[in-house]
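With compact mmCIF, C-alpha atoms inside, this is my_file13.txt:
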```txt
# COMPACT_ATOMS: atom_id res chain seq x y z
CA MET A 1 0.00 0.00 0.00
CA GLY A 2 1.42 3.39 -1.04
CA ALA A 3 1.50 6.48 1.17
CA ALA A 4 -1.56 7.89 -0.58
CA GLY A 5 -3.54 4.71 0.02
CA TYR A 6 -2.57 4.67 3.69
CA PHE A 7 -3.54 8.33 4.08
CA ARG A 8 -6.92 7.60 2.56
CA TRP A 9 -7.62 4.96 5.22
CA VAL A 10 -6.58 7.33 7.98
CA VAL A 11 -9.00 9.93 6.62
CA VAL A 12 -11.81 7.39 6.37
CA GLY A 13 -11.06 6.18 9.90
CA ALA A 14 -11.02 9.68 11.32
CA PHE A 15 -14.27 10.46 9.55
CA ALA A 16 -15.94 7.33 10.92
CA LEU A 17 -14.70 8.13 14.42
CA THR A 18 -16.07 11.66 14.16
CA LEU A 19 -19.43 10.31 13.03
CA GLY A 20 -19.50 7.83 15.89
CA LEU A 21 -18.59 10.39 18.52
CA SER A 22 -20.99 13.04 17.27
CA SER A 23 -23.89 10.61 17.38
CA CYS A 24 -22.93 9.73 20.96
CA PHE A 25 -22.86 13.28 22.20
CA THR A 26 -25.26 15.46 20.28
CA GLU A 27 -28.47 13.46 20.54
CA ARG A 28 -28.40 13.13 24.30
CA GLN A 29 -27.24 16.67 24.80
CA ASN A 30 -30.08 18.03 22.69
CA GLU A 31 -32.71 15.70 24.06
CA GLY A 32 -34.61 18.56 25.70
CA ALA A 33 -34.75 20.54 22.46
CA GLN A 34 -35.77 17.46 20.50
CA LEU A 35 -38.50 16.57 22.98
CA TYR A 36 -39.76 20.15 22.81
CA ALA A 37 -39.90 19.99 19.00
CA ALA A 38 -41.72 16.66 19.08
CA HIS A 39 -44.21 17.28 21.91
CA CYS A 40 -44.65 21.01 22.44
CA ALA A 41 -43.74 23.05 19.36
CA SER A 42 -47.02 22.46 17.49
CA CYS A 43 -48.91 24.49 20.12
CA HIS A 44 -46.29 26.60 21.92
CA GLY A 45 -44.40 27.49 18.73
CA ASP A 46 -41.06 26.39 17.32
CA GLN A 47 -39.36 29.23 19.18
CA GLY A 48 -41.59 29.06 22.25
CA GLN A 49 -43.50 32.10 21.04
CA GLY A 50 -47.02 30.69 21.60
CA LEU A 51 -49.96 31.68 19.38
CA GLU A 52 -51.44 35.15 19.80
CA ARG A 53 -53.79 35.18 22.86
CA LEU A 54 -54.80 31.56 22.25
CA ILE A 55 -51.74 29.62 23.45
CA PRO A 56 -49.25 31.08 25.92
CA GLY A 57 -45.62 31.32 24.92
CA VAL A 58 -42.96 29.57 27.00
CA ALA A 59 -40.11 31.85 25.89
CA ALA A 60 -39.24 34.61 28.41
CA ALA A 61 -42.35 33.59 30.34
CA ASP A 62 -42.82 34.65 33.95
CA TYR A 63 -44.98 31.57 34.44
CA VAL A 64 -42.01 29.27 33.73
CA ALA A 65 -40.03 30.90 36.56
CA ARG A 66 -42.87 31.39 39.06
CA HIS A 67 -44.39 27.94 38.71
CA ARG A 68 -41.10 26.07 38.45
CA ALA A 69 -42.14 23.43 41.00
CA GLU A 70 -45.49 22.77 39.27
CA LEU A 71 -44.19 22.42 35.72
CA PRO A 72 -43.24 18.70 35.89
CA CYS A 73 -46.82 17.79 36.88
CA ILE A 74 -48.27 20.16 34.25
CA VAL A 75 -46.25 18.39 31.55
CA ARG A 76 -47.26 14.97 32.95
CA LYS A 77 -50.97 15.60 33.60
CA GLY A 78 -51.77 18.55 31.35
CA MET A 79 -53.97 21.41 32.48
CA ARG A 80 -57.18 23.26 31.69
CA GLY A 81 -58.79 26.49 32.79
CA PRO A 82 -57.61 30.07 32.78
CA LEU A 83 -54.04 31.10 33.53
CA VAL A 84 -52.08 34.33 33.20
CA VAL A 85 -48.71 34.44 31.43
CA ASN A 86 -46.82 37.73 31.13
CA GLY A 87 -50.00 39.60 32.03
CA ILE A 88 -52.24 37.98 29.40
CA GLU A 89 -55.03 35.57 30.29
CA TYR A 90 -55.22 32.31 28.36
CA ASN A 91 -57.85 29.58 28.56
CA GLN A 92 -57.08 26.46 26.59
CA VAL A 93 -56.70 22.75 27.19
CA MET A 94 -53.19 21.32 27.41
CA PRO A 95 -52.91 17.54 27.04
CA GLY A 96 -50.78 15.49 29.47
CA HIS A 97 -47.80 13.38 28.50
CA GLU A 98 -47.91 9.98 30.15
CA ASP A 99 -45.54 8.74 27.46
CA LEU A 100 -42.49 10.66 28.74
CA THR A 101 -40.15 9.32 31.43
CA ASP A 102 -39.13 11.38 34.44
CA SER A 103 -35.70 11.95 32.92
CA GLN A 104 -37.23 13.07 29.61
CA ILE A 105 -39.45 15.57 31.44
CA THR A 106 -36.33 16.77 33.30
CA ASN A 107 -34.38 17.30 30.08
CA LEU A 108 -37.34 18.98 28.40
CA LEU A 109 -37.88 21.41 31.28
CA ASN A 110 -34.16 22.09 31.67
CA PHE A 111 -34.09 23.08 28.03
CA LEU A 112 -36.96 25.53 28.68
CA GLN A 113 -35.57 26.87 31.95
CA THR A 114 -32.24 27.79 30.33
CA ASN A 115 -33.23 28.95 26.83
CA TRP A 116 -35.25 31.58 24.95
CA GLY A 117 -34.87 34.24 27.59
CA ASN A 118 -35.55 31.97 30.57
CA GLN A 119 -32.69 31.94 33.07
CA ASN A 120 -33.93 29.73 35.86
CA GLN A 121 -32.47 26.96 37.96
CA PRO A 122 -32.46 23.59 36.17
CA TYR A 123 -33.82 20.43 37.80
CA THR A 124 -31.99 17.27 38.78
CA ILE A 125 -33.77 14.09 37.74
CA ARG A 126 -34.25 13.29 41.43
CA GLU A 127 -35.87 16.66 42.07
CA ALA A 128 -38.15 16.31 39.05
CA SER A 129 -39.19 12.82 40.20
CA ASP A 130 -39.98 14.19 43.67
CA LEU A 131 -42.05 17.02 42.15
CA LEU A 132 -43.84 14.51 39.91
CA GLY A 133 -44.65 12.49 43.03
CA ARG A 134 -46.99 15.31 44.13
CA CYS A 135 -49.41 14.33 41.36
CA ASN A 136 -48.56 10.62 41.45
CA GLY A 137 -46.86 11.27 38.12
CA SER A 138 -43.40 9.80 38.72
CA ASP A 139 -42.52 6.68 36.77
CA GLY A 140 -39.14 6.40 38.52
CA GLN A 141 -37.26 6.38 35.21
CA MET B 1 -51.41 45.69 -2.52
CA ILE B 2 -54.15 45.32 -5.16
CA ARG B 3 -52.40 47.77 -7.41
CA SER B 4 -49.17 45.85 -7.15
CA ILE B 5 -50.96 42.60 -8.01
CA LEU B 6 -52.56 44.25 -11.02
CA ARG B 7 -49.21 45.60 -12.10
CA ARG B 8 -47.72 42.16 -11.82
CA ALA B 9 -50.70 40.69 -13.65
CA GLY B 10 -50.00 43.16 -16.47
CA LEU B 11 -46.51 41.82 -16.81
CA LEU B 12 -47.90 38.32 -17.08
CA THR B 13 -50.44 39.09 -19.76
CA ALA B 14 -47.57 40.48 -21.79
CA GLY B 15 -46.70 36.83 -21.95
CA THR B 16 -43.16 37.10 -20.75
CA VAL B 17 -41.51 34.34 -18.84
CA ALA B 18 -39.59 37.05 -17.06
CA GLY B 19 -42.91 38.41 -15.81
CA LEU B 20 -43.70 35.10 -14.14
CA GLY B 21 -40.27 35.08 -12.60
CA LEU B 22 -40.83 38.57 -11.18
CA LEU B 23 -44.20 37.56 -9.76
CA LEU B 24 -42.70 34.55 -8.03
CA ALA B 25 -39.73 36.47 -6.77
CA GLY B 26 -42.04 39.18 -5.47
CA CYS B 27 -44.06 36.69 -3.44
CA SER B 28 -41.25 34.75 -1.87
CA PRO B 29 -37.64 35.61 -2.53
CA SER B 30 -36.33 32.37 -1.05
CA ALA B 31 -38.55 29.91 -2.91
CA ASP B 32 -37.33 28.52 -6.19
CA THR B 33 -40.25 27.04 -8.08
CA PRO B 34 -39.49 27.25 -11.79
CA GLY B 35 -42.15 24.65 -12.62
CA GLN B 36 -45.07 26.62 -11.19
CA PRO B 37 -48.06 26.62 -13.52
CA GLU B 38 -49.53 29.85 -14.82
CA ARG B 39 -53.05 28.59 -14.19
CA LEU B 40 -54.12 26.48 -11.24
CA PRO B 41 -55.75 23.10 -11.91
CA VAL B 42 -59.37 22.29 -11.09
CA LEU B 43 -59.37 19.63 -8.39
CA GLY B 44 -62.00 17.45 -6.75
CA LEU B 45 -64.08 14.35 -7.29
CA LYS B 46 -66.83 13.69 -9.77
CA ALA B 47 -69.67 11.72 -8.23
CA ALA B 48 -72.57 13.25 -10.19
CA ALA B 49 -73.46 11.64 -13.51
CA PRO B 50 -72.08 13.58 -16.50
CA THR B 51 -74.69 15.71 -18.24
CA SER B 52 -72.85 15.37 -21.55
CA PRO B 53 -69.75 13.57 -22.85
CA ALA B 54 -67.83 16.83 -22.40
CA ASP B 55 -68.88 17.18 -18.75
CA THR B 56 -65.79 15.87 -16.98
CA LEU B 57 -65.20 18.60 -14.40
CA PRO B 58 -65.32 17.69 -10.70
CA ASP B 59 -68.47 18.44 -8.72
CA PRO B 60 -68.55 22.00 -7.37
CA ILE B 61 -68.67 22.63 -3.61
CA PRO B 62 -72.27 21.79 -2.65
CA ALA B 63 -74.69 24.41 -1.36
CA PHE B 64 -74.07 25.03 2.34
CA ARG B 65 -75.62 26.96 5.19
CA LEU B 66 -73.42 27.57 8.24
CA THR B 67 -73.37 29.96 11.21
CA ASN B 68 -70.30 32.07 11.91
CA GLN B 69 -68.79 33.43 15.13
CA GLN B 70 -71.14 36.45 15.03
CA GLY B 71 -74.19 34.18 14.79
CA GLN B 72 -74.69 35.22 11.16
CA VAL B 73 -75.81 32.71 8.55
CA ILE B 74 -73.21 32.18 5.85
CA THR B 75 -73.82 30.39 2.57
CA ASN B 76 -72.10 30.01 -0.79
CA GLN B 77 -73.52 33.45 -1.54
CA THR B 78 -71.34 34.93 1.23
CA PHE B 79 -68.33 34.00 -0.91
CA ALA B 80 -69.79 35.05 -4.28
CA GLY B 81 -67.22 36.77 -6.47
CA LYS B 82 -64.45 36.00 -3.98
CA VAL B 83 -61.85 33.31 -3.55
CA TYR B 84 -61.46 31.66 -0.18
CA VAL B 85 -59.23 29.38 1.80
CA THR B 86 -60.84 26.83 4.05
CA ASP B 87 -59.82 24.39 6.78
CA PHE B 88 -61.27 22.20 9.54
CA PHE B 89 -60.36 22.54 13.21
CA PHE B 90 -61.82 22.55 16.70
CA ALA B 91 -61.20 24.97 19.52
CA THR B 92 -59.92 22.46 22.07
CA CYS B 93 -57.81 20.50 19.57
CA PRO B 94 -54.55 19.70 21.34
CA SER B 95 -52.61 18.31 18.42
CA ILE B 96 -52.33 19.93 15.01
CA CYS B 97 -54.80 22.83 15.17
CA PRO B 98 -52.67 25.54 16.79
CA LYS B 99 -49.89 24.96 14.28
CA MET B 100 -52.39 24.79 11.42
CA GLN B 101 -54.25 27.93 12.49
CA SER B 102 -50.99 29.83 12.98
CA GLU B 103 -50.07 28.91 9.39
CA LEU B 104 -53.49 30.01 8.13
CA LEU B 105 -53.02 33.24 10.09
CA ARG B 106 -49.82 33.74 8.08
CA VAL B 107 -51.82 33.44 4.84
CA TYR B 108 -54.49 35.78 6.25
CA LYS B 109 -51.89 38.40 7.07
CA ALA B 110 -50.34 38.08 3.59
CA PHE B 111 -53.72 38.94 2.01
CA GLU B 112 -55.22 41.07 4.77
CA GLY B 113 -55.42 44.08 2.45
CA ASN B 114 -57.31 42.23 -0.28
CA PRO B 115 -61.09 42.02 0.35
CA ASN B 116 -61.41 39.48 -2.49
CA VAL B 117 -59.68 36.83 -0.36
CA LEU B 118 -61.78 35.32 2.44
CA PHE B 119 -61.13 32.60 5.00
CA LEU B 120 -63.45 29.92 6.36
CA SER B 121 -62.59 27.63 9.27
CA HIS B 122 -65.14 24.91 10.08
CA THR B 123 -65.36 23.41 13.53
CA ILE B 124 -65.61 19.63 13.53
CA ASP B 125 -66.74 19.71 17.18
CA PRO B 126 -70.03 21.66 16.97
CA ALA B 127 -71.19 20.17 20.30
CA HIS B 128 -68.46 22.07 22.17
CA ASP B 129 -67.71 24.94 19.80
CA SER B 130 -70.77 27.11 20.33
CA ILE B 131 -70.94 30.55 18.74
CA PRO B 132 -69.47 32.25 21.86
CA VAL B 133 -66.62 29.70 21.90
CA LEU B 134 -65.91 30.37 18.23
CA ARG B 135 -66.06 34.13 18.77
CA ASP B 136 -63.64 33.88 21.69
CA TYR B 137 -61.32 31.68 19.63
CA ALA B 138 -61.35 34.10 16.69
CA GLU B 139 -60.70 37.12 18.90
CA ARG B 140 -57.88 35.38 20.73
CA LEU B 141 -56.35 34.56 17.35
CA GLY B 142 -56.53 38.28 16.59
CA ILE B 143 -59.35 38.16 14.02
CA GLN B 144 -61.65 41.11 14.70
CA ASP B 145 -63.30 41.21 11.27
CA ALA B 146 -65.66 38.24 11.01
CA SER B 147 -66.50 39.12 7.40
CA ARG B 148 -62.92 38.28 6.35
CA TRP B 149 -62.37 35.10 8.35
CA HIS B 150 -65.45 33.10 9.29
CA PHE B 151 -65.27 30.52 12.07
CA ALA B 152 -68.30 28.44 11.27
CA THR B 153 -70.42 25.72 12.76
CA ALA B 154 -73.22 23.45 11.51
CA ALA B 155 -74.51 19.94 12.15
CA HIS B 156 -71.85 17.25 12.19
CA ASP B 157 -73.06 15.59 9.00
CA THR B 158 -73.00 18.90 7.14
CA ILE B 159 -69.43 19.62 8.26
CA PHE B 160 -68.10 16.16 7.44
CA ALA B 161 -69.74 16.17 4.00
CA LEU B 162 -68.18 19.58 3.31
CA ALA B 163 -64.79 18.28 4.47
CA ARG B 164 -64.98 15.63 1.76
CA ALA B 165 -65.91 18.24 -0.84
CA TYR B 166 -62.91 20.35 0.23
CA MET B 167 -60.71 17.23 0.00
CA THR B 168 -59.99 17.21 3.73
CA ALA B 169 -60.21 14.14 5.95
CA ALA B 170 -62.28 14.64 9.12
CA GLU B 171 -64.01 12.03 11.25
CA VAL B 172 -64.88 11.11 14.81
CA ASP B 173 -62.12 9.01 16.35
CA ARG B 174 -62.27 8.33 20.09
CA THR B 175 -58.76 6.86 20.02
CA VAL B 176 -56.98 10.12 19.25
CA GLN B 177 -56.40 13.07 21.57
CA GLY B 178 -59.36 15.41 21.39
CA GLY B 179 -61.70 12.79 19.91
CA PHE B 180 -61.51 13.79 16.25
CA ALA B 181 -59.14 12.71 13.52
CA HIS B 182 -58.62 15.28 10.82
CA SER B 183 -55.97 16.39 8.40
CA GLY B 184 -54.53 19.89 8.32
CA THR B 185 -55.45 20.46 4.69
CA PHE B 186 -56.10 23.97 3.37
CA ALA B 187 -58.26 24.13 0.24
CA LEU B 188 -58.23 27.13 -2.11
CA VAL B 189 -61.65 27.67 -3.69
CA ASP B 190 -62.49 29.90 -6.63
CA SER B 191 -65.60 32.03 -7.21
CA ARG B 192 -67.18 29.19 -9.19
CA ARG B 193 -67.10 26.87 -6.16
CA ARG B 194 -64.22 24.80 -7.50
CA VAL B 195 -61.22 23.62 -5.48
CA ARG B 196 -58.10 25.01 -7.18
CA GLY B 197 -55.42 23.88 -4.76
CA VAL B 198 -54.91 21.75 -1.65
CA TYR B 199 -52.04 22.39 0.74
CA ASP B 200 -50.80 20.69 3.89
CA GLY B 201 -51.33 23.33 6.57
CA MET B 202 -48.77 21.64 8.82
CA VAL B 203 -45.91 22.17 6.38
CA LYS B 204 -44.46 25.67 6.03
CA GLU B 205 -43.28 25.08 2.44
CA GLU B 206 -46.78 23.97 1.41
CA VAL B 207 -48.28 27.10 2.95
CA ASP B 208 -45.63 29.19 1.17
CA ARG B 209 -46.84 27.56 -2.06
CA LEU B 210 -50.41 28.62 -1.25
CA ILE B 211 -49.24 32.21 -0.69
CA GLN B 212 -47.46 32.09 -4.07
CA GLU B 213 -50.31 30.45 -5.99
CA LEU B 214 -53.18 32.53 -4.64
CA PRO B 215 -52.26 35.57 -6.81
CA LEU B 216 -52.47 33.32 -9.90
CA LEU B 217 -56.09 32.60 -9.06
CA LEU B 218 -56.77 36.26 -8.32
CA LYS B 219 -55.35 37.17 -11.71
CA GLU B 220 -57.56 34.59 -13.41
CA GLU B 221 -60.61 35.86 -11.50
CA ALA B 222 -59.84 39.48 -12.41
CA ALA B 223 -59.50 38.54 -16.09
CA ALA B 224 -62.82 36.63 -16.03
CA LYS B 225 -64.86 39.36 -14.33
CA PRO B 226 -65.57 41.66 -17.34
CA THR B 227 -66.86 38.63 -19.28
CA ALA B 228 -69.11 37.55 -16.44
CA ALA B 229 -70.58 41.04 -16.13
CA ARG B 230 -71.72 41.16 -19.75
```
Mind converting the file's structure to structure tokens?
Amino acid sequence: MGAAGYFRWVVVGAFALTLGLSSCFTERQNEGAQLYAAHCASCHGDQGQGLERLIPGVAAADYVARHRAELPCIVRKGMRGPLVVNGIEYNQVMPGHEDLTDSQITNLLNFLQTNWGNQNQPYTIREASDLLGRCNGSDGQ
Amino acid sequence: MIRSILRRAGLLTAGTVAGLGLLLAGCSPSADTPGQPERLPVLGLKAAAPTSPADTLPDPIPAFRLTNQQGQVITNQTFAGKVYVTDFFFATCPSICPKMQSELLRVYKAFEGNPNVLFLSHTIDPAHDSIPVLRDYAERLGIQDASRWHFATAAHDTIFALARAYMTAAEVDRTVQGGFAHSGTFALVDSRRRVRGVYDGMVKEEVDRLIQELPLLLKEEAAAKPTAAR
């Protein structure tokens, strides 16, 4: 094998390694953003902007900070009835998400609490599970 | 707005390909759709028996009688001489509706200045979506002018039959969230009650295509009007 042939294998190897590593890291790291896109974006907007006075935004939302301890159960069980976000009253039905694990809810909420103008304390999985216990919503996973 | 459409229409009637290019570029600078037709097709199903061998066009939208968010009766006559975009939703829909209605709102805003373009959203949950519920929904969406965007209700059978005519799937399905299965289809309807385009209201690119194609229909309608008046 000539030098050029050897070099080609090194390049291919390095490329494969890069691919392998990136798939290890990025997916898990972005799980919160991906879960948001899959479960929340259709109503709350792809940038968390909400929809007029129909659906509250979650970006730069006072509700996200003030009701930090209630959010895990809201994601798990959904909610209905009026609520006020950034001074505007909304009144829609939000469906629950029994299909998400405790750790997925943690990652999802940590994404929200630290993005789009929200600068709040993230949750540990243990804390989120404890908070979910209040509504019998913890699956222990 | 209208003047600019007419100006663009003038370029088109000059028969220049460059004119079409300008029109497209004017609507959406990012979209590249060289294959866009100059005239929109007539879509739909033909269930009625042909009246002659030449009668091959799809059935027109049937006569309808609905009630809008102001409690006013709306019929085909409400849309006479206009084009309209229609969809099917319900106020408590937790899945696709908010996304779909935010996309339709984008179309509404693009043609807000043109009184020849109307919008018609049908509720598929008339049991819950009373007139006050529809009015609240419309106002929360920011629609103050009910004569431009009707949020309409009628008996279930009426709505579901209309959904088929507008080439949208809508049915009761207890297994899905909200209790109704429906697609997010937008249908573009001309002044002769014919469907001229269907678009997936959940896909931004499809809604962009609607925003690009709607002026083609307006141009066709404007060209047909003097003939119809004679």
Atom CA of Leu218 of chain B and atom CA of Ala80 of chain B, how far apart in Å?
->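 Atom-to-atom, atom CA of Ala80 of chain B to atom CA of Leu218 of chain B, that is 13.7 Å.
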Residue hits in chain A, query chain B, radius 6 Å, only C-alpha atoms, as a compact mmCIF listing (two decimals) with C-alpha atoms, in the frame of the given file:
```txt
# COMPACT_ATOMS: atom_id res chain seq x y z
CA SER A 42 -47.02 22.46 17.49
CA CYS A 43 -48.91 24.49 20.12
CA GLU A 52 -51.44 35.15 19.80
CA ARG A 53 -53.79 35.18 22.86
CA LEU A 54 -54.80 31.56 22.25
```
Contacts of segment 62-76 of chain A at 8 Å or less, counting all atoms listed in the file, minus same-chain residues fewer than 2 places along, as number ranges by chain?
-> A: 58, 60, 78-79, 84-86, 96-98, 100, 105-106, 109, 113, 118, 120, 128, 131-132, 134-135, 137
Residue selection dump (C-alpha atoms) as a PDB file, keeping the file's coordinate frame:
```pdb
ATOM      1  CA  VAL A  58     -42.960  29.570  27.000  1.00  0.00           C
ATOM      2  CA  ALA A  60     -39.240  34.610  28.410  1.00  0.00           C
ATOM      3  CA  GLY A  78     -51.770  18.550  31.350  1.00  0.00           C
ATOM      4  CA  MET A  79     -53.970  21.410  32.480  1.00  0.00           C
ATOM      5  CA  VAL A  84     -52.080  34.330  33.200  1.00  0.00           C
ATOM      6  CA  VAL A  85     -48.710  34.440  31.430  1.00  0.00           C
ATOM      7  CA  ASN A  86     -46.820  37.730  31.130  1.00  0.00           C
ATOM      8  CA  GLY A  96     -50.780  15.490  29.470  1.00  0.00           C
ATOM      9  CA  HIS A  97     -47.800  13.380  28.500  1.00  0.00           C
ATOM     10  CA  GLU A  98     -47.910   9.980  30.150  1.00  0.00           C
ATOM     11  CA  LEU A 100     -42.490  10.660  28.740  1.00  0.00           C
ATOM     12  CA  ILE A 105     -39.450  15.570  31.440  1.00  0.00           C
ATOM     13  CA  THR A 106     -36.330  16.770  33.300  1.00  0.00           C
ATOM     14  CA  LEU A 109     -37.880  21.410  31.280  1.00  0.00           C
ATOM     15  CA  GLN A 113     -35.570  26.870  31.950  1.00  0.00           C
ATOM     16  CA  ASN A 118     -35.550  31.970  30.570  1.00  0.00           C
ATOM     17  CA  ASN A 120     -33.930  29.730  35.860  1.00  0.00           C
ATOM     18  CA  ALA A 128     -38.150  16.310  39.050  1.00  0.00           C
ATOM     19  CA  LEU A 131     -42.050  17.020  42.150  1.00  0.00           C
ATOM     20  CA  LEU A 132     -43.840  14.510  39.910  1.00  0.00           C
ATOM     21  CA  ARG A 134     -46.990  15.310  44.130  1.00  0.00           C
ATOM     22  CA  CYS A 135     -49.410  14.330  41.360  1.00  0.00           C
ATOM     23  CA  GLY A 137     -46.860  11.270  38.120  1.00  0.00           C
TER      24      GLY A 137
END
```
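The gap separating atom CA of Arg174 of chain B from atom CA of Phe64 of chain B is 27.1 Å, in Å to one decimal.
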Calculate how many Å separate atom CA of Ala169 of chain B from atom CA of Ala154 of chain B, rounding to one decimal.
-> 16.9 Å
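Remark: for Ala59 of chain A, the closest of the candidate residues A:Glu89, A:Trp116, A:Met94, A:Asn110 is A:Trp116 (distances computed over all atoms listed in the file).
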To box segment 46-49 of chain A, take all atoms listed in the file, fit an axis-aligned box, add 6 Å on each side, and give centre and edge lengths in Å to one decimal, as AutoDock Vina command-line options.
```
--center_x -41.4 --center_y 29.2 --center_z 19.8 --size_x 16.1 --size_y 17.7 --size_z 16.9
```
Test item: residues at most 9 Å from Arg126 of chain A, all atoms listed in the file, excluding those fewer than 2 positions along its chain, as a list of chain:residue names = A:Asp102, A:Ser103, A:Tyr123, A:Thr124, A:Ala128, A:Ser129, A:Asp130, A:Leu131, A:Gly140
For Tyr199 of chain B, which residue out of B:Phe160, B:Leu104, B:Ser121, B:Arg65 is the nearest one, using only C-alpha atoms?
->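 Of the candidates, the smallest distance to Tyr199 of chain B is held by B:Leu104.
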Please provide the set of residues having any atom within 12 Å of Ala37 of chain A, restricted to only C-alpha atoms, with same-chain residues fewer than 6 positions apart removed, written as a PyMOL selection string.
-> chain A and resi 30-31+43-48+108+111-112
Those same residues - C-alpha atoms - I'd like them written as an mmCIF file, keeping the file's coordinate frame.
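The result, written out as part.cif:
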```
data_model
loop_
_atom_site.group_PDB
_atom_site.id
_atom_site.type_symbol
_atom_site.label_atom_id
_atom_site.label_comp_id
_atom_site.auth_asym_id
_atom_site.auth_seq_id
_atom_site.Cartn_x
_atom_site.Cartn_y
_atom_site.Cartn_z
ATOM 1 C CA ASN A 30 -30.080 18.030 22.690
ATOM 2 C CA GLU A 31 -32.710 15.700 24.060
ATOM 3 C CA CYS A 43 -48.910 24.490 20.120
ATOM 4 C CA HIS A 44 -46.290 26.600 21.920
ATOM 5 C CA GLY A 45 -44.400 27.490 18.730
ATOM 6 C CA ASP A 46 -41.060 26.390 17.320
ATOM 7 C CA GLN A 47 -39.360 29.230 19.180
ATOM 8 C CA GLY A 48 -41.590 29.060 22.250
ATOM 9 C CA LEU A 108 -37.340 18.980 28.400
ATOM 10 C CA PHE A 111 -34.090 23.080 28.030
ATOM 11 C CA LEU A 112 -36.960 25.530 28.680
#
```
If we count all atoms listed in the file and set the cut-off at 12 Å, which residues sit around Ala187 of chain B, ignoring sequence neighbours fewer than 2 positions away in its own chain? Please answer as an mmCIF file with C-alpha atoms, in the coordinates of the input.
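What ended up in out_33.cif:
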```
data_model
loop_
_atom_site.group_PDB
_atom_site.id
_atom_site.type_symbol
_atom_site.label_atom_id
_atom_site.label_comp_id
_atom_site.auth_asym_id
_atom_site.auth_seq_id
_atom_site.Cartn_x
_atom_site.Cartn_y
_atom_site.Cartn_z
ATOM 1 C CA VAL B 42 -59.370 22.290 -11.090
ATOM 2 C CA LEU B 43 -59.370 19.630 -8.390
ATOM 3 C CA GLY B 44 -62.000 17.450 -6.750
ATOM 4 C CA ILE B 61 -68.670 22.630 -3.610
ATOM 5 C CA VAL B 83 -61.850 33.310 -3.550
ATOM 6 C CA TYR B 84 -61.460 31.660 -0.180
ATOM 7 C CA VAL B 85 -59.230 29.380 1.800
ATOM 8 C CA THR B 86 -60.840 26.830 4.050
ATOM 9 C CA ASP B 87 -59.820 24.390 6.780
ATOM 10 C CA PHE B 88 -61.270 22.200 9.540
ATOM 11 C CA LEU B 104 -53.490 30.010 8.130
ATOM 12 C CA LEU B 118 -61.780 35.320 2.440
ATOM 13 C CA PHE B 119 -61.130 32.600 5.000
ATOM 14 C CA LEU B 120 -63.450 29.920 6.360
ATOM 15 C CA SER B 121 -62.590 27.630 9.270
ATOM 16 C CA LEU B 162 -68.180 19.580 3.310
ATOM 17 C CA ALA B 163 -64.790 18.280 4.470
ATOM 18 C CA ARG B 164 -64.980 15.630 1.760
ATOM 19 C CA ALA B 165 -65.910 18.240 -0.840
ATOM 20 C CA TYR B 166 -62.910 20.350 0.230
ATOM 21 C CA MET B 167 -60.710 17.230 0.000
ATOM 22 C CA THR B 168 -59.990 17.210 3.730
ATOM 23 C CA ALA B 169 -60.210 14.140 5.950
ATOM 24 C CA SER B 183 -55.970 16.390 8.400
ATOM 25 C CA GLY B 184 -54.530 19.890 8.320
ATOM 26 C CA THR B 185 -55.450 20.460 4.690
ATOM 27 C CA VAL B 189 -61.650 27.670 -3.690
ATOM 28 C CA ASP B 190 -62.490 29.900 -6.630
ATOM 29 C CA ARG B 193 -67.100 26.870 -6.160
ATOM 30 C CA ARG B 194 -64.220 24.800 -7.500
ATOM 31 C CA VAL B 195 -61.220 23.620 -5.480
ATOM 32 C CA ARG B 196 -58.100 25.010 -7.180
ATOM 33 C CA GLY B 197 -55.420 23.880 -4.760
ATOM 34 C CA VAL B 198 -54.910 21.750 -1.650
ATOM 35 C CA TYR B 199 -52.040 22.390 0.740
ATOM 36 C CA ASP B 200 -50.800 20.690 3.890
ATOM 37 C CA GLY B 201 -51.330 23.330 6.570
ATOM 38 C CA GLU B 206 -46.780 23.970 1.410
ATOM 39 C CA VAL B 207 -48.280 27.100 2.950
ATOM 40 C CA LEU B 210 -50.410 28.620 -1.250
ATOM 41 C CA GLU B 213 -50.310 30.450 -5.990
ATOM 42 C CA LEU B 214 -53.180 32.530 -4.640
#
```
Could you add the missing atoms to segment 71-77 of chain A, up to N, CA and C atoms, and return them as a PDB file, in the frame of the given file?
```pdb
ATOM      1  N   LEU A  71     -44.292  22.739  37.150  1.00  0.00           N
ATOM      2  CA  LEU A  71     -44.190  22.420  35.720  1.00  0.00           C
ATOM      3  C   LEU A  71     -44.082  20.925  35.431  1.00  0.00           C
ATOM      4  N   PRO A  72     -43.307  20.132  36.215  1.00  0.00           N
ATOM      5  CA  PRO A  72     -43.240  18.700  35.890  1.00  0.00           C
ATOM      6  C   PRO A  72     -44.623  18.052  35.865  1.00  0.00           C
ATOM      7  N   CYS A  73     -45.471  18.381  36.848  1.00  0.00           N
ATOM      8  CA  CYS A  73     -46.820  17.790  36.880  1.00  0.00           C
ATOM      9  C   CYS A  73     -47.696  18.338  35.751  1.00  0.00           C
ATOM     10  N   ILE A  74     -47.487  19.606  35.363  1.00  0.00           N
ATOM     11  CA  ILE A  74     -48.270  20.160  34.250  1.00  0.00           C
ATOM     12  C   ILE A  74     -47.936  19.424  32.957  1.00  0.00           C
ATOM     13  N   VAL A  75     -46.638  19.146  32.746  1.00  0.00           N
ATOM     14  CA  VAL A  75     -46.250  18.390  31.550  1.00  0.00           C
ATOM     15  C   VAL A  75     -46.842  16.978  31.617  1.00  0.00           C
ATOM     16  N   ARG A  76     -46.780  16.360  32.813  1.00  0.00           N
ATOM     17  CA  ARG A  76     -47.260  14.970  32.950  1.00  0.00           C
ATOM     18  C   ARG A  76     -48.770  14.868  32.806  1.00  0.00           C
ATOM     19  N   LYS A  77     -49.507  15.757  33.503  1.00  0.00           N
ATOM     20  CA  LYS A  77     -50.970  15.600  33.600  1.00  0.00           C
ATOM     21  C   LYS A  77     -51.742  16.552  32.694  1.00  0.00           C
TER      22      LYS A  77
END
```
